[in-house]
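K.L.:
Sharing model09.cif below, mmCIF, C-alpha atoms:
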data_entry
loop_
_atom_site.group_PDB
_atom_site.id
_atom_site.type_symbol
_atom_site.label_atom_id
_atom_site.label_comp_id
_atom_site.auth_asym_id
_atom_site.auth_seq_id
_atom_site.Cartn_x
_atom_site.Cartn_y
_atom_site.Cartn_z
ATOM 1 C CA MET O 1 23.210 91.303 101.530
ATOM 2 C CA ILE O 2 24.690 94.640 102.519
ATOM 3 C CA LYS O 3 22.254 97.000 104.215
ATOM 4 C CA ASN O 4 24.598 99.678 105.499
ATOM 5 C CA LYS O 5 23.594 102.832 103.610
ATOM 6 C CA THR O 6 26.946 104.586 103.967
ATOM 7 C CA LEU O 7 28.794 101.565 102.654
ATOM 8 C CA LEU O 8 26.446 101.355 99.668
ATOM 9 C CA VAL O 9 27.081 105.017 98.872
ATOM 10 C CA VAL O 10 30.827 104.363 99.029
ATOM 11 C CA PHE O 11 30.369 101.400 96.676
ATOM 12 C CA ARG O 12 28.400 103.562 94.237
ATOM 13 C CA LEU O 13 31.046 106.272 94.166
ATOM 14 C CA VAL O 14 34.003 103.888 93.914
ATOM 15 C CA LEU O 15 32.489 101.606 91.299
ATOM 16 C CA GLY O 16 30.973 104.473 89.310
ATOM 17 C CA GLY O 17 34.266 106.353 89.451
ATOM 18 C CA LEU O 18 36.258 103.353 88.271
ATOM 19 C CA PHE O 19 33.950 102.839 85.313
ATOM 20 C CA ILE O 20 34.015 106.512 84.369
ATOM 21 C CA TYR O 21 37.800 106.413 84.469
ATOM 22 C CA ALA O 22 37.993 103.173 82.473
ATOM 23 C CA GLY O 23 35.615 104.595 79.875
ATOM 24 C CA VAL O 24 37.327 107.962 79.512
ATOM 25 C CA VAL O 25 40.808 106.536 78.880
ATOM 26 C CA LYS O 26 39.345 104.345 76.129
ATOM 27 C CA VAL O 27 37.353 107.152 74.533
ATOM 28 C CA LEU O 28 40.607 109.093 74.253
ATOM 29 C CA ASP O 29 42.241 106.355 72.182
ATOM 30 C CA PRO O 30 39.586 104.247 70.443
ATOM 31 C CA LEU O 31 41.958 102.676 67.923
ATOM 32 C CA ASP O 32 44.246 101.465 70.666
ATOM 33 C CA PHE O 33 41.284 99.945 72.468
ATOM 34 C CA ALA O 34 40.052 98.378 69.215
ATOM 35 C CA GLN O 35 43.454 96.735 68.840
ATOM 36 C CA ASN O 36 43.156 95.536 72.439
ATOM 37 C CA ILE O 37 39.843 93.859 71.690
ATOM 38 C CA ARG O 38 41.248 92.409 68.483
ATOM 39 C CA ASN O 39 44.169 90.937 70.441
ATOM 40 C CA TYR O 40 41.762 88.668 72.299
ATOM 41 C CA ARG O 41 41.190 87.000 68.925
ATOM 42 C CA LEU O 42 37.526 86.341 69.554
ATOM 43 C CA VAL O 43 35.890 88.802 67.205
ATOM 44 C CA GLY O 44 36.898 90.151 63.834
ATOM 45 C CA GLN O 45 38.095 93.531 62.760
ATOM 46 C CA SER O 46 34.733 95.277 62.274
ATOM 47 C CA LEU O 47 33.172 94.048 65.479
ATOM 48 C CA SER O 48 36.304 95.023 67.404
ATOM 49 C CA PHE O 49 35.997 98.500 65.945
ATOM 50 C CA ILE O 50 32.305 98.901 66.794
ATOM 51 C CA ALA O 51 32.817 97.534 70.312
ATOM 52 C CA ALA O 52 35.737 99.879 70.864
ATOM 53 C CA ILE O 53 33.562 102.829 69.886
ATOM 54 C CA VAL O 54 30.483 101.950 71.949
ATOM 55 C CA LEU O 55 31.728 100.070 75.025
ATOM 56 C CA PRO O 56 33.633 102.990 76.599
ATOM 57 C CA TRP O 57 30.531 105.185 76.421
ATOM 58 C CA LEU O 58 28.471 102.474 78.048
ATOM 59 C CA GLU O 59 31.031 102.353 80.852
ATOM 60 C CA ILE O 60 30.960 106.126 81.239
ATOM 61 C CA LEU O 61 27.173 106.511 81.189
ATOM 62 C CA ALA O 62 26.573 103.606 83.554
ATOM 63 C CA GLY O 63 29.363 104.915 85.805
ATOM 64 C CA VAL O 64 27.958 108.451 85.843
ATOM 65 C CA ALA O 65 24.438 107.203 86.539
ATOM 66 C CA LEU O 66 25.643 104.959 89.351
ATOM 67 C CA ALA O 67 27.826 107.593 90.981
ATOM 68 C CA ALA O 68 25.114 110.230 90.665
ATOM 69 C CA GLY O 69 22.466 107.891 92.017
ATOM 70 C CA ILE O 70 20.218 108.070 88.958
ATOM 71 C CA TRP O 71 18.725 104.724 87.923
ATOM 72 C CA LYS O 72 21.001 103.053 90.439
ATOM 73 C CA ARG O 73 19.794 99.524 89.856
ATOM 74 C CA ALA O 74 19.796 99.781 86.076
ATOM 75 C CA SER O 75 23.354 101.111 86.062
ATOM 76 C CA ALA O 76 24.406 98.493 88.621
ATOM 77 C CA LEU O 77 22.855 95.883 86.331
ATOM 78 C CA ILE O 78 24.852 97.085 83.312
ATOM 79 C CA ILE O 79 28.078 97.277 85.283
ATOM 80 C CA SER O 80 27.590 93.855 86.863
ATOM 81 C CA GLY O 81 26.759 92.395 83.468
ATOM 82 C CA LEU O 82 29.902 93.890 81.954
ATOM 83 C CA LEU O 83 31.988 92.549 84.831
ATOM 84 C CA VAL O 84 30.575 89.040 84.408
ATOM 85 C CA PHE O 85 31.444 89.307 80.729
ATOM 86 C CA PHE O 86 34.991 90.533 81.489
ATOM 87 C CA ILE O 87 35.529 87.674 83.948
ATOM 88 C CA LEU O 88 34.370 85.068 81.434
ATOM 89 C CA LEU O 89 36.482 86.674 78.740
ATOM 90 C CA THR O 90 39.561 86.592 80.962
ATOM 91 C CA LEU O 91 38.953 82.945 81.882
ATOM 92 C CA VAL O 92 38.611 81.976 78.237
ATOM 93 C CA THR O 93 41.775 83.919 77.439
ATOM 94 C CA ILE O 94 43.732 82.148 80.171
ATOM 95 C CA ALA O 95 42.382 78.775 79.010
ATOM 96 C CA ARG O 96 43.493 79.508 75.455
ATOM 97 C CA GLY O 97 46.932 80.451 76.701
ATOM 98 C CA LEU O 98 46.832 83.851 75.022
ATOM 99 C CA ASP O 99 49.179 86.503 76.280
ATOM 100 C CA VAL O 100 47.332 89.804 75.928
ATOM 101 C CA ASP O 101 46.956 93.095 77.703
ATOM 102 C CA CYS O 102 43.628 93.161 79.495
ATOM 103 C CA GLY O 103 42.805 96.571 78.025
ATOM 104 C CA CYS O 104 40.894 97.420 81.171
ATOM 105 C CA PHE O 105 42.261 100.824 82.107
ATOM 106 C CA GLY O 106 44.137 102.113 79.072
ATOM 107 C CA ALA O 107 47.827 102.593 79.764
ATOM 108 C CA LEU O 108 47.438 101.200 83.287
ATOM 109 C CA SER O 109 46.344 97.856 81.887
ATOM 110 C CA ARG O 110 48.124 94.713 82.871
ATOM 111 C CA LYS O 111 48.310 91.239 81.469
ATOM 112 C CA SER O 112 45.015 89.459 81.236
ATOM 113 C CA GLY O 113 45.236 86.959 84.087
ATOM 114 C CA PHE O 114 44.029 85.936 87.518
ATOM 115 C CA GLY O 115 44.868 89.350 89.008
ATOM 116 C CA VAL O 116 42.373 90.909 86.632
ATOM 117 C CA ILE O 117 39.746 88.340 87.602
ATOM 118 C CA LEU O 118 40.231 89.095 91.308
ATOM 119 C CA GLU O 119 39.833 92.801 90.627
ATOM 120 C CA ASP O 120 36.710 92.167 88.580
ATOM 121 C CA LEU O 121 35.280 89.936 91.289
ATOM 122 C CA GLY O 122 35.812 92.713 93.834
ATOM 123 C CA MET O 123 33.969 95.145 91.595
ATOM 124 C CA LEU O 124 31.284 92.584 90.852
ATOM 125 C CA PHE O 125 30.682 92.199 94.591
ATOM 126 C CA MET O 126 30.028 95.949 94.800
ATOM 127 C CA GLY O 127 27.861 95.864 91.686
ATOM 128 C CA LEU O 128 25.680 93.020 92.906
ATOM 129 C CA SER O 129 25.397 94.563 96.379
ATOM 130 C CA LEU O 130 24.004 97.681 94.733
ATOM 131 C CA LEU O 131 21.780 95.776 92.337
ATOM 132 C CA PHE O 132 20.142 93.817 95.150
ATOM 133 C CA ALA O 133 20.353 96.455 97.888
ATOM 134 C CA PRO O 134 17.166 96.657 99.954
ATOM 135 C CA GLY O 135 14.945 99.688 99.890
ATOM 136 C CA LYS O 136 13.235 101.859 97.352
ATOM 137 C CA ARG O 137 13.727 100.675 93.839
ATOM 138 C CA MET T 1 5.207 97.428 84.786
ATOM 139 C CA SER T 2 7.141 95.139 87.120
ATOM 140 C CA GLU T 3 10.218 96.380 88.963
ATOM 141 C CA THR T 4 12.499 94.103 87.000
ATOM 142 C CA GLY T 5 10.988 95.235 83.727
ATOM 143 C CA LYS T 6 11.544 98.843 84.694
ATOM 144 C CA ILE T 7 15.195 98.237 85.564
ATOM 145 C CA VAL T 8 15.817 96.389 82.320
ATOM 146 C CA ARG T 9 14.110 99.153 80.343
ATOM 147 C CA GLN T 10 16.259 101.793 82.037
ATOM 148 C CA ALA T 11 19.385 99.745 81.328
ATOM 149 C CA LEU T 12 18.393 99.555 77.659
ATOM 150 C CA ILE T 13 17.922 103.320 77.555
ATOM 151 C CA ILE T 14 21.417 103.804 78.987
ATOM 152 C CA GLY T 15 22.666 101.400 76.298
ATOM 153 C CA ALA T 16 20.899 103.297 73.541
ATOM 154 C CA PHE T 17 22.339 106.604 74.758
ATOM 155 C CA SER T 18 25.801 105.065 74.742
ATOM 156 C CA VAL T 19 25.407 104.166 71.083
ATOM 157 C CA LEU T 20 24.222 107.690 70.247
ATOM 158 C CA LEU T 21 27.029 109.351 72.179
ATOM 159 C CA ALA T 22 29.583 107.001 70.660
ATOM 160 C CA ALA T 23 28.353 107.773 67.145
ATOM 161 C CA ALA T 24 28.412 111.514 67.811
ATOM 162 C CA ALA T 25 31.784 111.602 69.546
ATOM 163 C CA HIS T 26 33.575 109.377 67.043
ATOM 164 C CA PHE T 27 31.814 110.542 63.917
ATOM 165 C CA PRO T 28 35.053 111.317 62.008
ATOM 166 C CA LEU T 29 36.457 107.918 62.895
ATOM 167 C CA LEU T 30 33.242 106.163 61.861
ATOM 168 C CA LYS T 31 33.380 108.001 58.575
ATOM 169 C CA ARG T 32 36.911 106.743 57.966
ATOM 170 C CA PHE T 33 35.734 103.245 58.829
ATOM 171 C CA ALA T 34 32.841 103.551 56.393
ATOM 172 C CA MET T 35 35.323 104.669 53.732
ATOM 173 C CA GLY T 36 37.161 101.386 54.187
ATOM 174 C CA GLU T 37 39.903 102.282 56.620
ATOM 175 C CA PHE T 38 40.786 100.003 59.601
ATOM 176 C CA ARG T 39 39.523 96.893 57.828
ATOM 177 C CA GLU T 40 42.868 95.175 58.047
ATOM 178 C CA THR T 41 44.506 96.938 60.934
ATOM 179 C CA PHE T 42 43.722 99.649 63.429
ATOM 180 C CA LEU T 43 46.872 101.480 62.544
ATOM 181 C CA SER T 44 46.122 105.045 61.734
ATOM 182 C CA GLN T 45 48.120 105.890 58.619
ATOM 183 C CA ALA T 46 48.528 109.417 59.951
ATOM 184 C CA GLU T 47 49.987 108.127 63.182
ATOM 185 C CA TYR T 48 52.135 105.335 61.755
ATOM 186 C CA PRO T 49 53.071 106.376 58.222
ATOM 187 C CA GLY T 50 56.092 104.052 58.240
ATOM 188 C CA ILE T 51 54.157 100.813 58.639
ATOM 189 C CA ARG T 52 52.824 98.858 55.676
ATOM 190 C CA LEU T 53 51.229 95.453 55.348
ATOM 191 C CA ILE T 54 52.779 93.157 52.765
ATOM 192 C CA THR T 55 52.012 89.826 51.144
ATOM 193 C CA LEU T 56 54.048 86.637 51.085
ATOM 194 C CA GLN T 57 55.291 87.461 47.592
ATOM 195 C CA GLU T 58 56.660 90.844 48.623
ATOM 196 C CA THR T 59 58.193 89.276 51.709
ATOM 197 C CA GLU T 60 59.919 86.623 49.661
ATOM 198 C CA ASP T 61 61.329 89.204 47.266
ATOM 199 C CA LEU T 62 62.674 91.297 50.120
ATOM 200 C CA TRP T 63 64.152 88.229 51.758
ATOM 201 C CA ALA T 64 65.810 87.054 48.534
ATOM 202 C CA ALA T 65 67.343 90.483 47.972
ATOM 203 C CA GLY T 66 68.994 90.058 51.362
ATOM 204 C CA GLU T 67 68.998 93.727 52.340
ATOM 205 C CA THR T 68 66.144 93.584 54.783
ATOM 206 C CA ALA T 69 66.211 92.903 58.506
ATOM 207 C CA PHE T 70 63.684 90.242 59.506
ATOM 208 C CA PHE T 71 62.137 90.058 62.954
ATOM 209 C CA ASP T 72 60.068 87.217 64.280
ATOM 210 C CA ALA T 73 57.591 88.404 66.919
ATOM 211 C CA ARG T 74 56.617 84.924 68.124
ATOM 212 C CA PRO T 75 57.676 83.490 71.487
ATOM 213 C CA GLU T 76 61.042 81.756 71.751
ATOM 214 C CA ARG T 77 59.871 78.165 71.460
ATOM 215 C CA PRO T 78 58.077 78.293 68.088
ATOM 216 C CA PHE T 79 60.956 80.432 66.839
ATOM 217 C CA ARG T 80 63.441 77.715 67.745
ATOM 218 C CA GLU T 81 61.319 75.108 65.975
ATOM 219 C CA GLY T 82 61.563 76.977 62.711
ATOM 220 C CA HIS T 83 61.758 80.521 61.372
ATOM 221 C CA VAL T 84 62.584 82.580 58.314
ATOM 222 C CA PRO T 85 66.364 82.242 57.789
ATOM 223 C CA ARG T 86 68.324 85.242 59.139
ATOM 224 C CA ALA T 87 65.306 86.392 61.140
ATOM 225 C CA ARG T 88 65.908 87.509 64.670
ATOM 226 C CA ASN T 89 63.564 86.641 67.488
ATOM 227 C CA LEU T 90 61.924 89.599 69.241
ATOM 228 C CA PRO T 91 58.955 88.134 71.103
ATOM 229 C CA ALA T 92 56.356 90.894 71.181
ATOM 230 C CA THR T 93 53.786 89.280 73.372
ATOM 231 C CA ASP T 94 55.010 91.404 76.235
ATOM 232 C CA SER T 95 53.659 94.934 76.177
ATOM 233 C CA LYS T 96 56.844 96.230 77.743
ATOM 234 C CA LEU T 97 58.994 94.807 74.993
ATOM 235 C CA LYS T 98 62.529 96.129 75.161
ATOM 236 C CA ILE T 99 64.309 96.694 71.883
ATOM 237 C CA PRO T 100 67.884 95.373 72.222
ATOM 238 C CA PRO T 101 70.440 98.207 72.129
ATOM 239 C CA ASP T 102 72.345 96.891 69.107
ATOM 240 C CA LEU T 103 69.142 97.076 67.122
ATOM 241 C CA LEU T 104 68.798 100.743 67.888
ATOM 242 C CA GLU T 105 72.062 101.283 66.048
ATOM 243 C CA LEU T 106 70.509 100.184 62.770
ATOM 244 C CA PRO T 107 69.957 103.025 60.315
ATOM 245 C CA ARG T 108 66.379 104.181 60.653
ATOM 246 C CA GLU T 109 65.859 103.994 56.887
ATOM 247 C CA ARG T 110 66.619 100.277 56.836
ATOM 248 C CA THR T 111 63.709 98.177 55.617
ATOM 249 C CA ILE T 112 62.384 95.913 58.339
ATOM 250 C CA VAL T 113 60.002 92.990 57.950
ATOM 251 C CA VAL T 114 58.133 91.666 60.962
ATOM 252 C CA TYR T 115 55.907 88.629 61.228
ATOM 253 C CA CYS T 116 54.201 86.390 63.777
ATOM 254 C CA GLU T 117 52.269 83.120 63.654
ATOM 255 C CA GLY T 118 49.939 84.231 60.879
ATOM 256 C CA GLY T 119 46.202 83.960 60.692
ATOM 257 C CA ASP T 120 44.898 86.123 63.448
ATOM 258 C CA CYS T 121 48.136 86.905 65.212
ATOM 259 C CA GLN T 122 48.672 90.456 66.378
ATOM 260 C CA SER T 123 52.131 90.514 67.896
ATOM 261 C CA SER T 124 53.902 91.514 64.675
ATOM 262 C CA LEU T 125 51.784 94.666 64.624
ATOM 263 C CA ALA T 126 52.681 95.399 68.225
ATOM 264 C CA LEU T 127 56.347 94.979 67.347
ATOM 265 C CA ALA T 128 55.954 97.163 64.250
ATOM 266 C CA LYS T 129 54.437 99.958 66.328
ATOM 267 C CA ARG T 130 57.195 99.652 68.879
ATOM 268 C CA LEU T 131 59.884 99.898 66.178
ATOM 269 C CA HIS T 132 58.048 102.818 64.631
ATOM 270 C CA ASP T 133 58.159 104.578 67.994
ATOM 271 C CA GLU T 134 61.928 104.090 67.933
ATOM 272 C CA GLY T 135 62.064 106.035 64.694
ATOM 273 C CA PHE T 136 62.270 103.314 62.065
ATOM 274 C CA LYS T 137 60.729 104.570 58.877
ATOM 275 C CA ASP T 138 60.139 101.524 56.711
ATOM 276 C CA ILE T 139 58.487 98.691 58.575
ATOM 277 C CA ARG T 140 56.554 96.012 56.709
ATOM 278 C CA VAL T 141 54.232 93.608 58.404
ATOM 279 C CA MET T 142 53.920 90.257 56.684
ATOM 280 C CA THR T 143 50.303 89.486 57.463
ATOM 281 C CA GLY T 144 50.387 85.845 56.393
ATOM 282 C CA GLY T 145 53.037 85.188 59.009
ATOM 283 C CA TRP T 146 55.045 82.066 59.605
ATOM 284 C CA GLU T 147 52.108 79.866 58.657
ATOM 285 C CA GLU T 148 52.093 81.164 55.087
ATOM 286 C CA TRP T 149 55.863 81.107 54.748
ATOM 287 C CA GLU T 150 56.040 77.498 55.904
ATOM 288 C CA LYS T 151 53.092 76.416 53.764
ATOM 289 C CA ALA T 152 54.753 77.888 50.690
ATOM 290 C CA GLY T 153 57.734 75.612 51.314
ATOM 291 C CA LEU T 154 60.169 78.521 51.591
ATOM 292 C CA PRO T 155 63.556 78.058 53.284
ATOM 293 C CA GLU T 156 63.542 77.480 57.028
ATOM 294 C CA GLU T 157 66.069 77.738 59.743
ATOM 295 C CA LYS T 158 65.905 76.085 63.154
ATOM 296 C CA GLY T 159 67.457 76.867 66.525
ATOM 297 C CA ASP T 160 68.244 80.037 68.432
ATOM 298 C CA ASP T 161 69.298 83.388 67.089
ATOM 299 C CA GLN T 162 72.563 83.259 65.216
ATOM 300 C CA GLU T 163 73.653 86.555 66.672
#
Represent the structure of the file as structure tokens.
P.N.:
Amino acid sequence: MIKNKTLLVVFRLVLGGLFIYAGVVKVLDPLDFAQNIRNYRLVGQSLSFIAAIVLPWLEILAGVALAAGIWKRASALIISGLLVFFILLTLVTIARGLDVDCGCFGALSRKSGFGVILEDLGMLFMGLSLLFAPGKR
Amino acid sequence: MSETGKIVRQALIIGAFSVLLAAAAHFPLLKRFAMGEFRETFLSQAEYPGIRLITLQETEDLWAAGETAFFDARPERPFREGHVPRARNLPATDSKLKIPPDLLELPRERTIVVYCEGGDCQSSLALAKRLHDEGFKDIRVMTGGWEEWEKAGLPEEKGDDQE
């Protein structure tokens, strides 16, 4: 468990910032993101649409809360949960042999693959460190 | 209330706010969705006026007339195993798909039909968008894809591109 306060603050700002960024690029082009979700071929058209509308805002709000230090553990919980979901999704996608854009960071997205999982694991490490950080809850 | 309960409750509040913000920010889009748009594709008609979805019947008619350029968006291997005769393979699974230069010499008014595996496949749409970005004005996406064409017992061709 990480106890270094400075390091935890850095984690909050980096992870929060990344999620704000990821959310904002998707809010700017919801239809493109909806198509991205659809490309994973797991959910249908309507669910892809709804997810594409809501998910970016969840990323932004959780990111803002985490970076600002409001409800740190709750936002770390949401972000960690999303990351676990993204990792599972990527694994399933690799197993199915689908060739899709990950849709993670808008135009900066890459192929869904092991690189994405590594990135997500790095972020998940920060998220869990914050979720289980010692001290005032 | 326990610490865990409090954290979960806060997380749910953040979730609820996300839904509210999403509904407020994308209200016009949600309205279009409620009116029936985006049920088949997420193409915005305003953004991609040159792309239309077509049925097997329309595809067959266009193919029989022989004036239309056909593009198969599937990867090379399934293409080699069988494709719509005269179709050219342009695998569109790669986001950085390059349109071959000779294709860019086609008149932009030329009718183009694109297809992929069928069922849930999305690569024909990706290819259609890409061609639309190049200025093509009449792109039709055969939604039933190869699956439907094959099932209907329509002519097939095997092997690599003829060109």
K.L.:
For Leu98 of chain O, please output as a list of chain:residue names all residues within 9 Å (counting only C-alpha atoms; exclusion window: fewer than 3 positions along the same chain).
P.N.:
O:Asn39, O:Tyr40, O:Arg41, O:Thr93, O:Ile94, O:Ala95, O:Ser112, T:Thr93
K.L.:
Report as JSON, numbers by chain the set of chain O residues whose atoms approach chain T to within 6 Å, with distances computed over all atoms listed in the file.
P.N.:
{"O": [31, 53, 54, 57, 58, 74]}
K.L.:
Measuring atom to atom with all atoms listed in the file, identify which of O:Lys72, O:Val24, O:Ala51, O:Leu83 is nearest to Leu8 of chain O.
P.N.:
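Ranked by minimum distance to Leu8 of chain O, first place goes to O:Lys72.
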K.L.:
Apply the PyMOL selection byres ((chain T and resi 53) around 7) to the file shown and report the selected residues as JSON, numbers by chain.
P.N.:
{"T": [51, 52, 54, 140, 141, 142, 143]}
K.L.:
Mind dumping the selected residues with C-alpha atoms as a PDB file, in the frame of the given file?
P.N.:
ATOM      1  CA  ILE T  51      54.157 100.813  58.639  1.00  0.00           C
ATOM      2  CA  ARG T  52      52.824  98.858  55.676  1.00  0.00           C
ATOM      3  CA  ILE T  54      52.779  93.157  52.765  1.00  0.00           C
ATOM      4  CA  ARG T 140      56.554  96.012  56.709  1.00  0.00           C
ATOM      5  CA  VAL T 141      54.232  93.608  58.404  1.00  0.00           C
ATOM      6  CA  MET T 142      53.920  90.257  56.684  1.00  0.00           C
ATOM      7  CA  THR T 143      50.303  89.486  57.463  1.00  0.00           C
TER       8      THR T 143
END
K.L.:
Give me the result of the PyMOL selection byres ((chain T and resi 71-77) around 8) on this file, residue by residue, as a list in words.
P.N.:
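So the PyMOL selection byres ((chain T and resi 71-77) around 8) ends up selecting Ala69, Phe70, Pro78, Phe79, Arg80, Glu81, His83, Val84, Ala87, Arg88, Asn89, Leu90, Pro91, Ala92, Thr93, Ile112, Val113, Val114, Tyr115, Cys116, Glu117, Ser123, Ser124 and Leu127 of chain T.
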K.L.:
List the spatial neighbours of Glu67 of chain T as a PyMOL selection string - criterion: any atom at most 12 Å away, only C-alpha atoms, same-chain residues fewer than 4 positions off excluded.
P.N.:
chain T and resi 59-63+86+109-113
K.L.:
Which is closest to Ile60 of chain O among O:Ile20, O:Val116, O:Ile78, O:Val9, if we use all atoms listed in the file?
P.N.:
O:Ile20
K.L.:
Output file request: segment 64-77 of chain T, with N, CA and C atoms, as a PDB file, in the first residue's frame.
P.N.:
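Final file, decode-v9.pdb:
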ATOM      1  N   ALA T  64     -26.064  -6.304 -61.089  1.00  0.00           N
ATOM      2  CA  ALA T  64     -26.462  -6.814 -62.408  1.00  0.00           C
ATOM      3  C   ALA T  64     -26.334  -5.728 -63.471  1.00  0.00           C
ATOM      4  N   ALA T  65     -26.606  -4.483 -63.091  1.00  0.00           N
ATOM      5  CA  ALA T  65     -26.498  -3.392 -64.057  1.00  0.00           C
ATOM      6  C   ALA T  65     -25.041  -3.160 -64.449  1.00  0.00           C
ATOM      7  N   GLY T  66     -24.125  -3.549 -63.568  1.00  0.00           N
ATOM      8  CA  GLY T  66     -22.708  -3.532 -63.925  1.00  0.00           C
ATOM      9  C   GLY T  66     -22.032  -2.172 -63.946  1.00  0.00           C
ATOM     10  N   GLU T  67     -22.704  -1.150 -63.449  1.00  0.00           N
ATOM     11  CA  GLU T  67     -22.120   0.195 -63.505  1.00  0.00           C
ATOM     12  C   GLU T  67     -21.453   0.588 -62.196  1.00  0.00           C
ATOM     13  N   THR T  68     -21.677  -0.243 -61.192  1.00  0.00           N
ATOM     14  CA  THR T  68     -21.290   0.147 -59.838  1.00  0.00           C
ATOM     15  C   THR T  68     -19.966  -0.476 -59.433  1.00  0.00           C
ATOM     16  N   ALA T  69     -19.169   0.280 -58.687  1.00  0.00           N
ATOM     17  CA  ALA T  69     -17.928  -0.268 -58.149  1.00  0.00           C
ATOM     18  C   ALA T  69     -18.221  -0.927 -56.809  1.00  0.00           C
ATOM     19  N   PHE T  70     -17.801  -2.181 -56.670  1.00  0.00           N
ATOM     20  CA  PHE T  70     -18.028  -2.920 -55.423  1.00  0.00           C
ATOM     21  C   PHE T  70     -16.745  -3.022 -54.618  1.00  0.00           C
ATOM     22  N   PHE T  71     -16.867  -2.755 -53.312  1.00  0.00           N
ATOM     23  CA  PHE T  71     -15.700  -2.902 -52.442  1.00  0.00           C
ATOM     24  C   PHE T  71     -16.029  -3.801 -51.263  1.00  0.00           C
ATOM     25  N   ASP T  72     -15.125  -4.722 -51.043  1.00  0.00           N
ATOM     26  CA  ASP T  72     -15.285  -5.698 -49.967  1.00  0.00           C
ATOM     27  C   ASP T  72     -14.380  -5.263 -48.815  1.00  0.00           C
ATOM     28  N   ALA T  73     -14.983  -4.959 -47.670  1.00  0.00           N
ATOM     29  CA  ALA T  73     -14.207  -4.396 -46.554  1.00  0.00           C
ATOM     30  C   ALA T  73     -13.628  -5.465 -45.631  1.00  0.00           C
ATOM     31  N   ARG T  74     -13.828  -6.741 -45.984  1.00  0.00           N
ATOM     32  CA  ARG T  74     -13.341  -7.807 -45.098  1.00  0.00           C
ATOM     33  C   ARG T  74     -11.830  -8.000 -45.254  1.00  0.00           C
ATOM     34  N   PRO T  75     -11.207  -8.686 -44.311  1.00  0.00           N
ATOM     35  CA  PRO T  75      -9.775  -8.971 -44.447  1.00  0.00           C
ATOM     36  C   PRO T  75      -9.502  -9.832 -45.681  1.00  0.00           C
ATOM     37  N   GLU T  76      -8.221  -9.908 -46.043  1.00  0.00           N
ATOM     38  CA  GLU T  76      -7.839 -10.590 -47.283  1.00  0.00           C
ATOM     39  C   GLU T  76      -8.299 -12.049 -47.363  1.00  0.00           C
ATOM     40  N   ARG T  77      -8.127 -12.784 -46.266  1.00  0.00           N
ATOM     41  CA  ARG T  77      -8.374 -14.224 -46.351  1.00  0.00           C
ATOM     42  C   ARG T  77      -9.830 -14.574 -46.703  1.00  0.00           C
TER      43      ARG T  77
END
